[in-house]
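For reference, the structure is listed below as structure tokens.
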Amino acid sequence: MRKKVLAGLVARGVLVEPDALGYIMAQPKPLEYIEGYLGRQGQAPLFITLNDLKSGALQSEKVILRDGEIVIEKPAIEDKEATAPSLSMEQKQLPIPTPPPRHLGKGGPKRKTGDAREFDADISIIKDITGQSRCSGKASDFSHYFQSRFNALSRLLRQRPELASAVDIQVAARYEREVAIIGMVREVKPPKPGGTKYTIMTLEDGTGAISVLTKSEEEHILNDEVIGVVGKVSSGRNGRFKEKAVFADRIVRPEIYGHRPRLGQRPLSAAFISDIHIGSKKFLPKAWEQFAAWLRGDDPLARRVKYLVIAGDMVDGVGVFPSQEEELEISNIIGQYEALGKLLEGIPEHIEVIMLPGNHDGVRLSEPQPALPAQLVKAISAKATYVGNPCLMTLDGVRVLAYHGKGLDDYVGNVGKVSYAQPARIMAEMLKRRHLCPIYGGKTQISPERTDHLVIDTVPDIFVTGHIHAAAAQRYEGVLTINASTWQDQTPFQAIHNIQPDPGRVTVVDLDTSNYEVKRFY
Ligand code: D5M
Ligand code: FE
Ligand code: ZN
């Protein structure tokens, strides 16, 4: 059988990695399996890796090595263990079914009364770098990292009908006709005033690279993003170009369309906040105290709050920017986290606090950031769930992508039409590109991990960021995007740069209906 499979692949000019061959042989019907796989590819690939095959597998299948053989484990339908949360699984089938959304805006059906004290928290961490970082600083890390990004995003792009028959760039370069290709943007040059009206980029996919020209100024192509292009390969009028180029008719992004958010089954809510910046002279203690008192009080909305997600920059940190000491109330990092612990004492015990770090917190700056280390957790000394940044989790079965938001700075600098005053628009740009920070070597430090944790491979129901100290909640294609405000007044730096913060706002989402409300405490 192994020989038959190999002969079939050789006849098509397809090479196969040994592990990938093992995977094919582990299928109940290897020949049918590989026929089906190749049939779905359109253009036969030059080389098949285990990853290529696994990406086509059911998400809940496990590929394991047993007695030197590759075995595929399919979870039993009723097997609770198989669907239990696991930090190492990038994607998994979630146990909660997706009921149709009953309502998608504000002011919908009446809020069910609920008392969060009567329910246990139901949190699953789906994707988080904490304890998984394998980045060693070797040059090969970079190629693995970009390969992972390309694989994840090209897989999404290939699901788009206009890219279903996308060909390798090496193959496209041989044609002189309409083609569809998928590639990573290596270099992008905007149109020159008085010169070319085209944005010219180099697109590459591992088989080759080609210039792509687009007339549209609306696209805002970013370095290192992965896009699809439908256009015509041409060597130019009268062979004007030395090499062939693709004249794009359409730029295709991985996008999100009409997402149907999952709903929780219990009358509970999640509150989203960010950027407490305790330790800064600009921290707003009165606003915080009003918020904590509200959570302790009798407001029916407060009574439903079971989860409090804090999207990073819990403390102001030390040495984060030049001359920061002049702006600090608490000048040592342990003291700042101890003060955070005191603040959290005011939050009712039955509320599950979930914290991820930001660029002011005491963990490595490069993203993905792991959860706060044990020493700082000890200083906080409060019951909480500490996760990394970004983190994909479920709260009552509702998928929440929480990201501090440093990547927003790169989007604002490079996507012409968005500004800090429009957080929802920037977050929509992230969702369109399915990436939290495509530009490598920009304002955000990125750690080249084996898998690209900044890819938005799973569509979240709620996408929350902080960092830009704005308050916004808006739906984009069914995804509720939230920028979770701050508890810090305008800083001297922000005053110079005319950044107006929106402090003391809390976005509360009813997990059972997806309705939301923004409460003001400042
Ligand atoms: O960032 C708070 C806000 O201030 C956010 O909008 C970015 C902006 N900010 C802060 N420092 C810088 C620098 N150095 N360059 C550009 N923009 C900046 P936070 O992370 O809370 O300091
Ligand atoms: Fe901040
Ligand atoms: Zn920040």
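To be explicit about the labels: the chains of the structure tokens are called A, B, and onward in the order shown, and within each one the residues are counted from 1, while ligands get numbers from 1 in the order they are shown.
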Compile the contact shell of A:Leu295 as a CSV table (one decimal) with N, CA and C atoms, in the first residue's frame: residues with an atom at most 8 Å away, counting only C-alpha atoms, same-chain residues fewer than 2 positions apart removed.
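Ended up saving to selection_12.csv:
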chain,number,residue,atom,x,y,z
A,291,PHE,N,-16.4,52.1,40.9
A,291,PHE,CA,-16.6,50.8,40.1
A,291,PHE,C,-16.7,49.6,41.1
A,292,ALA,N,-15.7,49.5,42.0
A,292,ALA,CA,-15.7,48.4,42.9
A,292,ALA,C,-17.0,48.4,43.8
A,293,ALA,N,-17.4,49.6,44.2
A,293,ALA,CA,-18.6,49.7,45.0
A,293,ALA,C,-19.8,49.2,44.2
A,297,GLY,N,-22.6,46.2,44.9
A,297,GLY,CA,-23.9,46.7,45.2
A,297,GLY,C,-25.1,45.8,44.6
A,302,ALA,N,-24.9,44.5,37.9
A,302,ALA,CA,-23.7,44.2,38.7
A,302,ALA,C,-23.8,42.8,39.3
A,303,ARG,N,-25.0,42.4,39.6
A,303,ARG,CA,-25.3,41.1,40.3
A,303,ARG,C,-25.0,40.0,39.3
A,305,VAL,N,-22.6,40.0,37.1
A,305,VAL,CA,-21.2,39.9,36.6
A,305,VAL,C,-20.4,38.8,37.3
A,347,ILE,N,-13.0,43.8,45.0
A,347,ILE,CA,-13.9,43.2,44.0
A,347,ILE,C,-14.5,41.9,44.7
A,348,PRO,N,-15.8,41.8,44.6
A,348,PRO,CA,-16.4,40.6,45.3
A,348,PRO,C,-15.8,39.3,45.0
List all protein, DNA and RNA residues that have an atom no more than 6 Å from any atom of ligand 2, counting only C-alpha atoms and all ligand atoms, and report them as a PDB file with C-alpha atoms, in the first residue's frame.
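Written file, part_11.pdb:
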ATOM      1  CA  ASP A 275      -4.982  49.788  31.787  1.00  0.00           C
ATOM      2  CA  ASP A 313      -1.176  47.431  31.922  1.00  0.00           C
ATOM      3  CA  HIS A 467      -3.688  50.021  25.473  1.00  0.00           C
TER       4      HIS A 467
END
I'd like a table as a Markdown table: residues in chain A with an atom no more than 8 Å from ligand 3, each row giving the shortest atom pair and its distance in Å to one decimal, only C-alpha atoms and all ligand atoms counted, sorted by chain and rising residue number.
| residue | atom | partner | partner_atom_place_in_ligand_line | distance |
| --- | --- | --- | --- | --- |
| A:Asp275 | CA | ligand 3 | 1 (Zn) | 6.8 |
| A:Gly312 | CA | ligand 3 | 1 (Zn) | 7.0 |
| A:Asp313 | CA | ligand 3 | 1 (Zn) | 5.6 |
| A:Gly358 | CA | ligand 3 | 1 (Zn) | 5.4 |
| A:Asn359 | CA | ligand 3 | 1 (Zn) | 5.0 |
| A:His360 | CA | ligand 3 | 1 (Zn) | 6.1 |
| A:His404 | CA | ligand 3 | 1 (Zn) | 6.6 |
| A:Gly405 | CA | ligand 3 | 1 (Zn) | 6.9 |
| A:Lys406 | CA | ligand 3 | 1 (Zn) | 6.1 |
| A:Gly466 | CA | ligand 3 | 1 (Zn) | 6.9 |
| A:His467 | CA | ligand 3 | 1 (Zn) | 3.7 |
| A:Ile468 | CA | ligand 3 | 1 (Zn) | 6.7 |
Would you export the selected residues with N, CA and C atoms as a compact mmCIF listing (two decimals), in the first residue's frame, please?
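And here is the file that came out, selection-v8.txt:
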# COMPACT_ATOMS: atom_id res chain seq x y z
N ASP A 275 -5.87 48.66 31.51
CA ASP A 275 -4.98 49.79 31.79
C ASP A 275 -5.28 50.52 33.11
N GLY A 312 -4.62 44.13 30.52
CA GLY A 312 -3.20 44.51 30.56
C GLY A 312 -2.92 45.91 31.05
N ASP A 313 -1.63 46.20 31.27
CA ASP A 313 -1.18 47.43 31.92
C ASP A 313 -1.88 47.59 33.27
N GLY A 358 0.31 43.70 29.80
CA GLY A 358 0.47 44.68 28.74
C GLY A 358 1.92 45.14 28.70
N ASN A 359 2.17 46.19 27.95
CA ASN A 359 3.57 46.64 27.77
C ASN A 359 4.13 47.35 29.00
N HIS A 360 3.29 47.65 30.02
CA HIS A 360 3.80 48.24 31.26
C HIS A 360 4.00 47.19 32.35
N HIS A 404 -3.80 42.90 24.70
CA HIS A 404 -3.58 44.22 25.28
C HIS A 404 -3.72 45.30 24.21
N GLY A 405 -3.02 45.12 23.09
CA GLY A 405 -3.29 46.05 21.98
C GLY A 405 -2.13 46.88 21.49
N LYS A 406 -0.90 46.48 21.83
CA LYS A 406 0.25 47.25 21.33
C LYS A 406 0.22 47.33 19.80
N GLY A 466 -7.05 46.87 24.96
CA GLY A 466 -6.91 48.04 25.83
C GLY A 466 -5.88 48.95 25.17
N HIS A 467 -4.88 49.31 25.92
CA HIS A 467 -3.69 50.02 25.47
C HIS A 467 -3.91 51.46 25.02
N ILE A 468 -4.93 51.72 24.22
CA ILE A 468 -5.04 53.09 23.71
C ILE A 468 -5.96 53.94 24.59
10 Å shell around ligand 1 using only C-alpha atoms and all ligand atoms, listed as an MDAnalysis selection string
chainID A and resid 274:277 312:317 320:322 358:361 404:410 412:413 419:421 423 443 466:470 486 488 490:495 497:501
- Query: Mind pulling up the distance from atom CA of A:Glu219 to atom CA of A:Pro190?
  - Reply: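 According to the coordinates, atom CA of A:Pro190 and atom CA of A:Glu219 are separated by 10.8 Å.
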Q.
Quick check for you: according to DSSP on this backbone, which residues of stretch 265-322 of chain A are classed as strand (DSSP E or B)? Reply as a list in words.
A. Ser269, Ala270, Ala271, Phe272, Ile273, Ile278, Ser280, Phe283, Val305, Lys306, Tyr307, Leu308, Val309, Ile310 and Val315 of chain A
*Interatomic distance between atom CA of A:Asp120 and atom CA of A:Leu511?*
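Computing the Euclidean distance for atom CA of A:Asp120 and atom CA of A:Leu511 yields 14.4 Å.
Remark: for A:Ala173, the closest of the candidate residues A:Thr113, A:Ser216, A:Gln369, A:Ser235 is A:Ser235 (distances computed over only C-alpha atoms).
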Tell me which protein, DNA and RNA residues are within 10 Å of A:Val464, counting only C-alpha atoms, leaving out same-chain ones fewer than 2 positions away, and put them as a PyMOL selection string.
-> chain A and resi 272-274+309-311+390+400-405+427+460-462+466+472-473+480-484+507
